[in-house]
Structures are given as C-alpha cells and as structure tokens.
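Novice: Structure supplied as work.txt; contents: compact mmCIF, C-alpha atoms.
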# COMPACT_ATOMS: atom_id res chain seq x y z
CA MET A 87 -141.88 -36.99 228.88
CA THR A 88 -142.25 -37.83 225.19
CA ARG A 89 -139.11 -38.62 223.27
CA ASP A 90 -138.64 -36.73 220.02
CA PRO A 91 -138.76 -39.25 217.11
CA ARG A 92 -136.25 -37.15 215.21
CA THR A 93 -133.72 -37.54 218.03
CA GLY A 94 -134.09 -41.33 217.86
CA ALA A 95 -133.72 -41.27 214.10
CA ARG A 96 -130.58 -39.17 214.29
CA ALA A 97 -129.09 -41.50 216.92
CA LEU A 98 -129.90 -44.53 214.74
CA ALA A 99 -128.38 -42.87 211.68
CA SER A 100 -125.28 -41.92 213.66
CA THR A 101 -124.89 -45.49 214.95
CA PHE A 102 -125.37 -46.94 211.46
CA THR A 103 -122.81 -44.51 210.01
CA GLY A 104 -120.30 -45.39 212.72
CA TYR A 105 -120.65 -49.12 212.14
CA PHE A 106 -120.48 -48.65 208.37
CA ILE A 107 -117.18 -46.76 208.70
CA LEU A 108 -115.76 -49.41 211.05
CA VAL A 109 -116.76 -52.28 208.73
CA PHE A 110 -115.40 -50.43 205.70
CA PHE A 111 -111.97 -49.85 207.21
CA ALA A 112 -111.92 -53.38 208.65
CA LEU A 113 -112.44 -54.76 205.13
CA VAL A 114 -109.77 -52.43 203.73
CA PHE A 115 -107.36 -53.63 206.40
CA LEU A 116 -108.18 -57.33 205.93
CA TYR A 117 -108.26 -57.40 202.12
CA PRO A 118 -104.45 -57.64 201.67
CA PHE A 119 -104.41 -60.66 204.03
CA VAL A 120 -107.23 -62.27 202.07
CA ILE A 121 -105.28 -61.71 198.84
CA GLN A 122 -102.18 -63.18 200.48
CA ILE A 123 -103.98 -66.37 201.49
CA GLY A 124 -105.86 -66.69 198.19
CA THR A 125 -102.76 -66.12 196.04
CA SER A 126 -100.81 -68.75 197.96
CA PHE A 127 -103.25 -71.35 196.56
CA LYS A 128 -103.05 -70.08 192.96
CA THR A 129 -101.03 -71.33 190.02
CA GLU A 130 -98.22 -69.10 188.77
CA PRO A 131 -100.08 -67.99 185.58
CA ASN A 132 -103.29 -67.30 187.50
CA ALA A 133 -101.45 -65.25 190.13
CA ALA A 134 -99.68 -63.20 187.45
CA ALA A 135 -102.88 -62.61 185.45
CA ASN A 136 -105.12 -61.77 188.43
CA PRO A 137 -102.88 -60.51 191.27
CA LEU A 138 -105.68 -58.65 193.09
CA SER A 139 -108.25 -61.45 192.96
CA PRO A 140 -108.56 -63.36 196.25
CA ILE A 141 -110.13 -66.40 194.56
CA PRO A 142 -107.69 -69.03 193.22
CA ASP A 143 -108.69 -70.68 189.94
CA PRO A 144 -107.77 -73.50 190.11
CA VAL A 145 -106.88 -74.24 193.74
CA THR A 146 -103.44 -75.81 194.12
CA LEU A 147 -100.90 -76.52 196.87
CA ALA A 148 -97.97 -76.22 194.45
CA GLY A 149 -96.84 -72.97 196.06
CA TYR A 150 -96.58 -74.55 199.51
CA GLU A 151 -94.86 -77.63 198.10
CA ARG A 152 -92.24 -75.43 196.47
CA VAL A 153 -91.78 -73.46 199.69
CA PHE A 154 -90.71 -76.59 201.57
CA ALA A 155 -88.91 -78.31 198.69
CA GLY A 156 -87.19 -75.36 197.03
CA THR A 157 -86.28 -73.04 199.91
CA ASP A 158 -84.64 -73.19 203.34
CA LEU A 159 -87.93 -72.37 205.07
CA PRO A 160 -87.63 -75.23 207.63
CA LEU A 161 -84.20 -73.88 208.62
CA TRP A 162 -85.52 -70.32 208.89
CA LEU A 163 -88.47 -71.50 210.97
CA GLY A 164 -86.16 -73.38 213.31
CA ASN A 165 -83.84 -70.40 213.74
CA SER A 166 -86.77 -68.04 214.34
CA ALA A 167 -88.35 -70.40 216.86
CA LEU A 168 -85.09 -70.77 218.78
CA VAL A 169 -84.28 -67.06 218.84
CA THR A 170 -87.86 -66.00 219.59
CA ILE A 171 -88.36 -68.41 222.51
CA VAL A 172 -85.00 -67.60 224.13
CA VAL A 173 -85.38 -63.83 223.68
CA THR A 174 -88.99 -63.81 224.89
CA VAL A 175 -88.22 -65.78 228.06
CA LEU A 176 -85.13 -63.71 228.91
CA ARG A 177 -86.78 -60.41 228.04
CA VAL A 178 -89.82 -61.06 230.21
CA LEU A 179 -87.59 -62.12 233.13
CA LEU A 180 -85.01 -59.33 232.84
CA ASP A 181 -87.53 -56.58 232.05
CA SER A 182 -89.57 -57.63 235.09
CA MET A 183 -86.56 -57.65 237.40
CA ALA A 184 -85.34 -54.26 236.17
CA SER A 185 -88.85 -52.82 236.43
CA TYR A 186 -89.33 -54.05 239.98
CA ALA A 187 -86.01 -52.52 241.02
CA LEU A 188 -87.00 -49.18 239.50
CA ALA A 189 -90.49 -49.31 241.01
CA ARG A 190 -89.71 -50.46 244.54
CA LEU A 191 -86.02 -50.25 245.43
CA ARG A 192 -84.61 -46.90 246.56
CA PHE A 193 -81.10 -46.15 245.28
CA GLY A 194 -79.19 -43.15 244.01
CA GLY A 195 -79.82 -42.19 240.42
CA ARG A 196 -83.03 -44.21 240.12
CA ARG A 197 -85.02 -41.39 238.55
CA ALA A 198 -82.21 -40.50 236.17
CA LEU A 199 -81.88 -44.14 235.13
CA PHE A 200 -85.59 -44.42 234.40
CA ALA A 201 -85.49 -41.14 232.46
CA ALA A 202 -82.65 -42.57 230.37
CA ILE A 203 -84.69 -45.71 229.66
CA VAL A 204 -87.66 -43.62 228.55
CA ALA A 205 -85.33 -41.53 226.37
CA ILE A 206 -84.06 -44.70 224.67
CA MET A 207 -87.60 -45.38 223.48
CA ALA A 208 -87.43 -42.15 221.46
CA VAL A 209 -84.24 -43.16 219.60
CA PRO A 210 -84.95 -44.50 216.09
CA GLY A 211 -83.67 -48.04 215.71
CA VAL A 212 -81.94 -47.25 212.42
CA VAL A 213 -79.54 -44.94 214.28
CA LEU A 214 -78.13 -47.93 216.17
CA PHE A 215 -77.40 -50.16 213.15
CA ILE A 216 -73.75 -49.21 212.72
CA PRO A 217 -72.92 -49.13 216.49
CA LYS A 218 -74.55 -52.57 216.87
CA PHE A 219 -72.49 -54.00 214.04
CA LEU A 220 -69.25 -52.49 215.38
CA VAL A 221 -69.85 -53.76 218.93
CA LEU A 222 -70.76 -57.28 217.77
CA ASN A 223 -67.78 -57.39 215.44
CA GLN A 224 -65.31 -56.13 218.06
CA LEU A 225 -66.56 -58.63 220.65
CA GLY A 226 -66.27 -61.50 218.18
CA LEU A 227 -70.00 -62.23 218.32
CA TYR A 228 -70.88 -61.34 214.74
CA ASP A 229 -72.48 -64.11 212.66
CA SER A 230 -73.63 -66.24 215.59
CA TYR A 231 -76.77 -67.10 217.51
CA THR A 232 -75.41 -65.01 220.37
CA ALA A 233 -75.43 -61.97 218.08
CA LEU A 234 -79.10 -62.62 217.26
CA ILE A 235 -80.09 -63.04 220.90
CA LEU A 236 -77.91 -61.05 223.29
CA PRO A 237 -78.51 -57.45 222.08
CA VAL A 238 -82.31 -57.77 222.24
CA ILE A 239 -82.94 -59.60 225.53
CA VAL A 240 -83.81 -56.33 227.29
CA ASP A 241 -86.30 -53.85 225.93
CA ALA A 242 -86.92 -50.30 227.16
CA ALA A 243 -90.64 -50.45 226.33
CA GLY A 244 -91.00 -53.66 228.33
CA VAL A 245 -89.29 -52.10 231.34
CA PHE A 246 -91.62 -49.11 231.11
CA ILE A 247 -94.77 -51.28 230.88
CA MET A 248 -93.82 -53.50 233.81
CA LYS A 249 -92.71 -50.59 236.02
CA GLN A 250 -96.06 -48.87 235.57
CA PHE A 251 -97.86 -52.07 236.52
CA PHE A 252 -95.68 -52.78 239.57
CA GLU A 253 -96.31 -49.29 240.88
CA SER A 254 -100.05 -49.99 240.81
CA ILE A 255 -99.69 -52.92 243.26
CA PRO A 256 -100.34 -51.85 246.88
CA PRO A 257 -97.07 -51.79 248.87
CA THR A 258 -98.90 -53.35 251.82
CA VAL A 259 -98.83 -56.70 250.01
CA GLU A 260 -95.04 -56.67 249.94
CA GLU A 261 -94.81 -55.37 253.52
CA ALA A 262 -96.81 -58.38 254.69
CA ALA A 263 -94.40 -60.69 252.86
CA ARG A 264 -91.40 -58.99 254.45
CA VAL A 265 -92.97 -59.35 257.89
CA ASP A 266 -93.14 -63.08 257.20
CA GLY A 267 -89.39 -63.08 256.52
CA ALA A 268 -89.32 -62.91 252.72
CA GLY A 269 -86.38 -61.09 251.14
CA VAL A 270 -86.52 -58.74 248.17
CA PHE A 271 -86.13 -61.44 245.51
CA ARG A 272 -88.53 -63.84 247.25
CA THR A 273 -91.12 -61.08 247.53
CA PHE A 274 -90.69 -60.27 243.86
CA TRP A 275 -90.78 -63.88 242.66
CA SER A 276 -93.45 -65.37 244.93
CA VAL A 277 -95.75 -62.42 245.65
CA VAL A 278 -95.50 -59.62 243.09
CA LEU A 279 -94.85 -61.61 239.92
CA PRO A 280 -97.92 -63.90 240.25
CA MET A 281 -100.07 -60.80 240.74
CA SER A 282 -98.71 -59.34 237.50
CA ARG A 283 -99.96 -62.07 235.16
CA PRO A 284 -101.96 -59.74 232.83
CA ALA A 285 -98.93 -57.46 232.38
CA LEU A 286 -96.59 -60.45 231.95
CA ILE A 287 -98.80 -61.97 229.26
CA THR A 288 -99.03 -58.61 227.50
CA LEU A 289 -95.24 -58.30 227.55
CA THR A 290 -94.88 -61.92 226.38
CA ILE A 291 -97.12 -61.34 223.35
CA ILE A 292 -95.38 -58.09 222.44
CA SER A 293 -91.94 -59.68 222.84
CA PHE A 294 -92.87 -62.80 220.88
CA GLN A 295 -94.39 -60.82 218.02
CA GLY A 296 -91.57 -58.28 217.91
CA THR A 297 -88.81 -60.91 217.97
CA TRP A 298 -90.51 -63.20 215.44
CA ASN A 299 -90.89 -60.30 213.00
CA GLU A 300 -87.47 -58.75 213.73
CA PHE A 301 -85.66 -58.02 210.48
CA PRO A 302 -83.31 -55.01 210.93
CA HIS A 303 -81.38 -56.59 213.81
CA SER A 304 -80.77 -59.84 211.91
CA LEU A 305 -79.54 -57.74 209.00
CA VAL A 306 -76.65 -56.35 211.06
CA ALA A 307 -76.07 -59.40 213.27
CA VAL A 308 -75.57 -62.26 210.81
CA GLN A 309 -74.55 -62.88 207.22
CA ASP A 310 -74.35 -66.67 207.16
CA PRO A 311 -77.46 -68.12 205.38
CA ALA A 312 -77.47 -70.96 207.94
CA LEU A 313 -78.31 -68.38 210.62
CA PHE A 314 -81.07 -66.59 208.73
CA THR A 315 -84.32 -66.14 210.64
CA LEU A 316 -87.69 -66.18 208.88
CA PRO A 317 -87.92 -62.42 208.10
CA ARG A 318 -84.37 -62.45 206.72
CA GLY A 319 -85.09 -65.53 204.62
CA LEU A 320 -88.33 -64.06 203.26
CA ALA A 321 -86.50 -60.87 202.35
CA ASP A 322 -84.02 -63.02 200.45
CA LEU A 323 -86.89 -64.65 198.56
CA VAL A 324 -88.50 -61.32 197.70
CA SER A 325 -85.17 -59.98 196.45
CA GLY A 326 -85.16 -62.66 193.75
CA SER A 327 -82.89 -65.36 195.12
CA LEU A 328 -84.94 -68.06 193.36
CA GLY A 329 -84.38 -66.69 189.89
CA LYS A 330 -86.73 -65.15 187.34
CA GLY A 331 -90.49 -64.75 187.53
CA THR A 332 -92.83 -63.24 190.07
CA GLN A 333 -93.39 -66.53 191.94
CA TYR A 334 -96.24 -64.97 193.89
CA PRO A 335 -97.75 -68.27 195.18
CA LEU A 336 -94.41 -69.35 196.66
CA LYS A 337 -93.61 -65.99 198.26
CA LEU A 338 -97.07 -65.42 199.69
CA GLY A 339 -97.30 -69.04 200.84
CA ALA A 340 -94.11 -68.49 202.83
CA ALA A 341 -95.59 -65.26 204.20
CA VAL A 342 -98.74 -67.11 205.33
CA LEU A 343 -96.65 -69.72 207.14
CA ALA A 344 -94.67 -66.92 208.82
CA THR A 345 -97.90 -65.31 210.03
CA VAL A 346 -99.42 -68.44 211.57
CA PRO A 347 -97.34 -68.68 214.82
CA VAL A 348 -97.91 -65.02 215.76
CA ALA A 349 -101.62 -65.30 214.97
CA VAL A 350 -101.95 -68.45 217.10
CA VAL A 351 -100.17 -66.86 220.07
CA PHE A 352 -102.32 -63.74 219.85
CA VAL A 353 -105.61 -65.67 219.54
CA VAL A 354 -104.74 -67.96 222.47
CA PHE A 355 -103.78 -65.08 224.78
CA GLN A 356 -106.05 -62.38 223.36
CA ARG A 357 -108.31 -62.05 226.39
CA TYR A 358 -105.32 -61.69 228.72
CA PHE A 359 -103.76 -59.14 226.37
CA VAL A 360 -106.94 -57.03 226.28
CA ARG A 361 -107.36 -57.37 230.06
CA GLY A 362 -103.78 -56.27 230.68
CA ALA A 363 -104.14 -53.30 228.36
CA ASN A 364 -107.38 -52.23 230.03
CA GLU A 365 -105.93 -52.58 233.52
CA GLY A 366 -102.89 -50.57 232.50
CA ALA A 367 -105.11 -47.83 231.11
CA GLU A 368 -107.30 -47.71 234.22
CA LYS A 369 -104.34 -47.65 236.60
CA GLY A 370 -102.38 -45.20 234.50
For this file, write the structure as structure tokens.
Specialist:
Amino acid sequence: MTRDPRTGARALASTFTGYFILVFFALVFLYPFVIQIGTSFKTEPNAAANPLSPIPDPVTLAGYERVFAGTDLPLWLGNSALVTIVVTVLRVLLDSMASYALARLRFGGRRALFAAIVAIMAVPGVVLFIPKFLVLNQLGLYDSYTALILPVIVDAAGVFIMKQFFESIPPTVEEAARVDGAGVFRTFWSVVLPMSRPALITLTIISFQGTWNEFPHSLVAVQDPALFTLPRGLADLVSGSLGKGTQYPLKLGAAVLATVPVAVVFVVFQRYFVRGANEGAEKG
C-alpha cells in the first residue's frame, strides 16, 4: 500500500506548527525570568533606561551587594527557611496520617468528613483572612513564629492527594502485615508509607513551594519586621521601604535569590514529581 505524500506533508506541517507554538509560548513564559536575572546584574541607570532588555551593560554585582548590605534579606531567608522546613515536615506527616485514616479506617462520619475537606478546597483563601487574624489574636499567638506555622501545618489539598494514592494500594499488603502482628500505626509507618514515596515527594515539593512563597498568611499572622518571611520582606521592598528611585537591580536581585531554593528543590526531585503525577493520573 503506497502512502500518500500529501498525508506525510500535512503530518509534518502539523508537527512543525505544534512545536512552533510550544516554543513560542515557552519563550513568552521564560522571558520575564530572563529579564529578572539580566536586570539584577545591571546598574541603576541602565535598568531605568532599558527595563525590557535582558542584557546588562555593564555587568555589575552592585545590586546583590546592596541586597545583603542594605536590607534584612538574611533575616528574611532565615525566617522563611525555618517556617518552610517545619511546615513541610509537619504537613507531610499530618496530611499522610489523616489521609490514611480516611482511606482505610472505618468510622462514623468518614464520608461526611472527607466531603467537608474537599469543600474547604473550594473556599477562597481571602475569605479566611479576618477569621485567621481574630483566632490568632484571641489565642495570644499573633506576631509569633507559632502564628506563622500552626495554622498551615495541615492542608486540604494534601489530604486529598494522599488519600487518593493510599486507596490505590492493594489492601492485601496491609492484611499481610496485620497477620504478622502489626498494628494500624505500624502498618501505616512501616508498610504503606514507604510504598507511597512518589506521592510523598510530590506533596513535599508542593508544600515546600507553597510555604516558601506564602504571602497572604504572613500578612495576617505577623507585624513585627523581625518575623518577616521572604515574600513579606520583598513586598516591603517593592512598596518603597528603601526610599526613592526604582532600584530595579536590588529588587530583582532579591527576587532571584528568593527563586533559587524552590528551583533547586524542584530540579532535584523533578523526576519523582513527574512520576508521582503520572501514577496519580493512571490510578485515578
């Protein structure tokens, strides 16, 4: 059977068009990041005169020097690192425990509880700003590390993700562990959790990224500059806390430094993240 040359030509043209569109939108998406990195190495006059040019002329590290010498960036980085690590560890642990209980344990109101958790995911975060502030203030937690950490150590989306994954694990694995004398927690910790590594890594990346970039919660949880996390500190810079002038190299240099930890975590665990997402899609 002879293949029609026109069919091959149309397929080639379709493939070329598809790749062209993908490359075009990839460049559109990446260009702001390229400008951010390029501007962070510019001088102040060059950044003001050519804000959309990604090429610094001349190249200088003055913006980064001013970030560390003229701002509280080291303090913000330390606060963000502390809050992010504690929240990520607790969120992964507590979300996993809650998800396993919803997936495997049989108790009254289990379906209603899971429905409530799913419903929480539909509530806009801005609606909870005032209730969060009132609760933290009434409990005497406002303006403390506890206020930054405690309200966000459990996440409805994380519970949903882990529950769906746990339900995909064959119950026979847990039955074998129970036959060997393992209790519920031992079965969860020693059998089910190690099998859930792709989902755990996915949840870890999502939790780390979300907590590191969290701005609205810090806005209602703390007011003391000594407790500012990186997003809150950067917002303070953008609002003009350093005085007059655009100060683009300084601001974008700080933004580049804020992006590095999340980018490193994602690159290191990217293959596990993609694997977990694919497994979740196949099993869903």
Novice: Tell me, counting all atoms listed in the file, for each residue of region 96-188 of chain A within 9 Å of region 231-241 of chain A, which pair of atoms is nearest and how far apart they are in Å to one decimal, in rows ordered by chain and increasing number, as a tab-separated table.
Specialist:
residue	atom	partner	partner_atom	distance
A:Asn165	CA	A:Tyr231	CA	8.7
A:Val169	CA	A:Ile235	CA	6.2
A:Thr170	CA	A:Ile235	CA	8.4
A:Val172	CA	A:Ile235	CA	7.4
A:Val173	CA	A:Ile239	CA	5.2
A:Thr174	CA	A:Ile239	CA	7.4
A:Val175	CA	A:Ile239	CA	8.5
A:Leu176	CA	A:Ile239	CA	5.8
A:Arg177	CA	A:Ile239	CA	4.7
A:Val178	CA	A:Val240	CA	8.2
A:Leu180	CA	A:Val240	CA	6.4
A:Asp181	CA	A:Val240	CA	6.0
Novice: Can you list every residue of region 147-257 of chain A that has an atom at most 12 Å from region 300-318 of chain A, with its nearest atom pair and the distance in Å to one decimal, using all atoms listed in the file, ordered by chain then number, as JSON lines?
Specialist:
{"residue": "A:Thr157", "atom": "CA", "partner": "A:Leu316", "partner_atom": "CA", "distance": 11.4}
{"residue": "A:Asp158", "atom": "CA", "partner": "A:Ala312", "partner_atom": "CA", "distance": 8.8}
{"residue": "A:Leu159", "atom": "CA", "partner": "A:Leu316", "partner_atom": "CA", "distance": 7.3}
{"residue": "A:Pro160", "atom": "CA", "partner": "A:Leu316", "partner_atom": "CA", "distance": 9.1}
{"residue": "A:Leu161", "atom": "CA", "partner": "A:Ala312", "partner_atom": "CA", "distance": 7.4}
{"residue": "A:Trp162", "atom": "CA", "partner": "A:Leu316", "partner_atom": "CA", "distance": 4.7}
{"residue": "A:Leu163", "atom": "CA", "partner": "A:Leu316", "partner_atom": "CA", "distance": 5.8}
{"residue": "A:Gly164", "atom": "CA", "partner": "A:Thr315", "partner_atom": "CA", "distance": 7.9}
{"residue": "A:Asn165", "atom": "CA", "partner": "A:Thr315", "partner_atom": "CA", "distance": 5.3}
{"residue": "A:Ser166", "atom": "CA", "partner": "A:Thr315", "partner_atom": "CA", "distance": 4.8}
{"residue": "A:Ala167", "atom": "CA", "partner": "A:Thr315", "partner_atom": "CA", "distance": 8.5}
{"residue": "A:Leu168", "atom": "CA", "partner": "A:Thr315", "partner_atom": "CA", "distance": 9.4}
{"residue": "A:Val169", "atom": "CA", "partner": "A:Thr315", "partner_atom": "CA", "distance": 8.3}
{"residue": "A:Thr170", "atom": "CA", "partner": "A:Glu300", "partner_atom": "CA", "distance": 9.3}
{"residue": "A:Val173", "atom": "CA", "partner": "A:Glu300", "partner_atom": "CA", "distance": 11.4}
{"residue": "A:Pro210", "atom": "CA", "partner": "A:Pro302", "partner_atom": "CA", "distance": 11.8}
{"residue": "A:Gly211", "atom": "CA", "partner": "A:Pro302", "partner_atom": "CA", "distance": 8.5}
{"residue": "A:Val212", "atom": "CA", "partner": "A:Pro302", "partner_atom": "CA", "distance": 8.0}
{"residue": "A:Val213", "atom": "CA", "partner": "A:Pro302", "partner_atom": "CA", "distance": 11.3}
{"residue": "A:Leu214", "atom": "CA", "partner": "A:His303", "partner_atom": "CA", "distance": 9.5}
{"residue": "A:Phe215", "atom": "CA", "partner": "A:Val306", "partner_atom": "CA", "distance": 6.6}
{"residue": "A:Ile216", "atom": "CA", "partner": "A:Val306", "partner_atom": "CA", "distance": 7.9}
{"residue": "A:Pro217", "atom": "CA", "partner": "A:Val306", "partner_atom": "CA", "distance": 9.8}
{"residue": "A:Lys218", "atom": "CA", "partner": "A:Val306", "partner_atom": "CA", "distance": 7.2}
{"residue": "A:Phe219", "atom": "CA", "partner": "A:Val306", "partner_atom": "CA", "distance": 5.6}
{"residue": "A:Leu220", "atom": "CA", "partner": "A:Val306", "partner_atom": "CA", "distance": 9.4}
{"residue": "A:Val221", "atom": "CA", "partner": "A:Ala307", "partner_atom": "CA", "distance": 10.1}
{"residue": "A:Leu222", "atom": "CA", "partner": "A:Ala307", "partner_atom": "CA", "distance": 7.3}
{"residue": "A:Asn223", "atom": "CA", "partner": "A:Ala307", "partner_atom": "CA", "distance": 8.8}
{"residue": "A:Gly226", "atom": "CA", "partner": "A:Ala307", "partner_atom": "CA", "distance": 11.2}
{"residue": "A:Leu227", "atom": "CA", "partner": "A:Ala307", "partner_atom": "CA", "distance": 8.4}
{"residue": "A:Tyr228", "atom": "CA", "partner": "A:Ala307", "partner_atom": "CA", "distance": 5.7}
{"residue": "A:Asp229", "atom": "CA", "partner": "A:Val308", "partner_atom": "CA", "distance": 4.0}
{"residue": "A:Ser230", "atom": "CA", "partner": "A:Val308", "partner_atom": "CA", "distance": 6.5}
{"residue": "A:Tyr231", "atom": "CA", "partner": "A:Leu313", "partner_atom": "CA", "distance": 7.2}
{"residue": "A:Thr232", "atom": "CA", "partner": "A:Ala307", "partner_atom": "CA", "distance": 9.1}
{"residue": "A:Ala233", "atom": "CA", "partner": "A:Ala307", "partner_atom": "CA", "distance": 5.5}
{"residue": "A:Leu234", "atom": "CA", "partner": "A:Ala307", "partner_atom": "CA", "distance": 6.0}
{"residue": "A:Ile235", "atom": "CA", "partner": "A:Ala307", "partner_atom": "CA", "distance": 9.4}
{"residue": "A:Leu236", "atom": "CA", "partner": "A:Ala307", "partner_atom": "CA", "distance": 10.3}
{"residue": "A:Pro237", "atom": "CA", "partner": "A:His303", "partner_atom": "CA", "distance": 8.8}
{"residue": "A:Val238", "atom": "CA", "partner": "A:His303", "partner_atom": "CA", "distance": 8.6}
Novice: Keeping only C-alpha atoms, write the selected residues to a file as a compact mmCIF listing (two decimals), keeping the file's coordinate frame.
Specialist:
# COMPACT_ATOMS: atom_id res chain seq x y z
CA THR A 157 -86.28 -73.04 199.91
CA ASP A 158 -84.64 -73.19 203.34
CA LEU A 159 -87.93 -72.37 205.07
CA PRO A 160 -87.63 -75.23 207.63
CA LEU A 161 -84.20 -73.88 208.62
CA TRP A 162 -85.52 -70.32 208.89
CA LEU A 163 -88.47 -71.50 210.97
CA GLY A 164 -86.16 -73.38 213.31
CA ASN A 165 -83.84 -70.40 213.74
CA SER A 166 -86.77 -68.04 214.34
CA ALA A 167 -88.35 -70.40 216.86
CA LEU A 168 -85.09 -70.77 218.78
CA VAL A 169 -84.28 -67.06 218.84
CA THR A 170 -87.86 -66.00 219.59
CA VAL A 173 -85.38 -63.83 223.68
CA PRO A 210 -84.95 -44.50 216.09
CA GLY A 211 -83.67 -48.04 215.71
CA VAL A 212 -81.94 -47.25 212.42
CA VAL A 213 -79.54 -44.94 214.28
CA LEU A 214 -78.13 -47.93 216.17
CA PHE A 215 -77.40 -50.16 213.15
CA ILE A 216 -73.75 -49.21 212.72
CA PRO A 217 -72.92 -49.13 216.49
CA LYS A 218 -74.55 -52.57 216.87
CA PHE A 219 -72.49 -54.00 214.04
CA LEU A 220 -69.25 -52.49 215.38
CA VAL A 221 -69.85 -53.76 218.93
CA LEU A 222 -70.76 -57.28 217.77
CA ASN A 223 -67.78 -57.39 215.44
CA GLY A 226 -66.27 -61.50 218.18
CA LEU A 227 -70.00 -62.23 218.32
CA TYR A 228 -70.88 -61.34 214.74
CA ASP A 229 -72.48 -64.11 212.66
CA SER A 230 -73.63 -66.24 215.59
CA TYR A 231 -76.77 -67.10 217.51
CA THR A 232 -75.41 -65.01 220.37
CA ALA A 233 -75.43 -61.97 218.08
CA LEU A 234 -79.10 -62.62 217.26
CA ILE A 235 -80.09 -63.04 220.90
CA LEU A 236 -77.91 -61.05 223.29
CA PRO A 237 -78.51 -57.45 222.08
CA VAL A 238 -82.31 -57.77 222.24
Novice: Name all residues at most 9 Å from region 116-122 of chain A (count all atoms listed in the file; drop same-chain ones fewer than 5 positions away) and give them as a ChimeraX atom specification.
Specialist: /A:111,137-141,335,338-339,341-342
Novice: Please return as a PyMOL selection string every residue within 12 Å of (-101.0, -65.3, 189.7), taking into account all atoms listed in the file and the file's own coordinates.
Specialist: chain A and resi 121-122+124-146+149+331-338
Novice: As an exercise, work out the distance from CA of Phe110 (chain A) to CA of Val354 (chain A) in Å and give it to one decimal place.
Specialist: 26.5 Å
Novice: Can you complete the atoms of region 144-156 of chain A to N, CA, C and O atoms and list them as a compact mmCIF listing (two decimals), keeping the file's coordinate frame?
Specialist:
# COMPACT_ATOMS: atom_id res chain seq x y z
N PRO A 144 -107.26 -72.51 189.15
CA PRO A 144 -107.77 -73.50 190.11
C PRO A 144 -107.03 -73.42 191.45
O PRO A 144 -106.01 -72.74 191.56
N VAL A 145 -107.54 -74.16 192.44
CA VAL A 145 -106.88 -74.24 193.74
C VAL A 145 -105.76 -75.28 193.68
O VAL A 145 -105.97 -76.39 193.21
N THR A 146 -104.58 -74.90 194.14
CA THR A 146 -103.44 -75.81 194.12
C THR A 146 -102.54 -75.58 195.33
O THR A 146 -102.49 -74.47 195.87
N LEU A 147 -101.86 -76.61 195.76
CA LEU A 147 -100.90 -76.52 196.87
C LEU A 147 -99.46 -76.46 196.35
O LEU A 147 -98.53 -76.61 197.13
N ALA A 148 -99.31 -76.21 195.05
CA ALA A 148 -97.97 -76.22 194.45
C ALA A 148 -97.06 -75.18 195.09
O ALA A 148 -95.86 -75.40 195.27
N GLY A 149 -97.64 -74.02 195.44
CA GLY A 149 -96.84 -72.97 196.06
C GLY A 149 -96.25 -73.42 197.39
O GLY A 149 -95.06 -73.19 197.66
N TYR A 150 -97.06 -74.07 198.21
CA TYR A 150 -96.58 -74.55 199.51
C TYR A 150 -95.57 -75.69 199.34
O TYR A 150 -94.61 -75.80 200.11
N GLU A 151 -95.81 -76.55 198.35
CA GLU A 151 -94.86 -77.63 198.10
C GLU A 151 -93.49 -77.08 197.70
O GLU A 151 -92.46 -77.56 198.16
N ARG A 152 -93.50 -76.04 196.89
CA ARG A 152 -92.24 -75.43 196.47
C ARG A 152 -91.56 -74.70 197.61
O ARG A 152 -90.33 -74.62 197.68
N VAL A 153 -92.37 -74.14 198.53
CA VAL A 153 -91.78 -73.46 199.69
C VAL A 153 -90.92 -74.42 200.50
O VAL A 153 -89.79 -74.11 200.88
N PHE A 154 -91.44 -75.63 200.75
CA PHE A 154 -90.71 -76.59 201.57
C PHE A 154 -89.63 -77.33 200.79
O PHE A 154 -88.60 -77.70 201.35
N ALA A 155 -89.87 -77.54 199.48
CA ALA A 155 -88.91 -78.31 198.69
C ALA A 155 -87.81 -77.44 198.07
O ALA A 155 -86.69 -77.91 197.88
N GLY A 156 -88.14 -76.18 197.77
CA GLY A 156 -87.19 -75.36 197.03
C GLY A 156 -86.55 -74.23 197.81
O GLY A 156 -85.80 -73.43 197.24
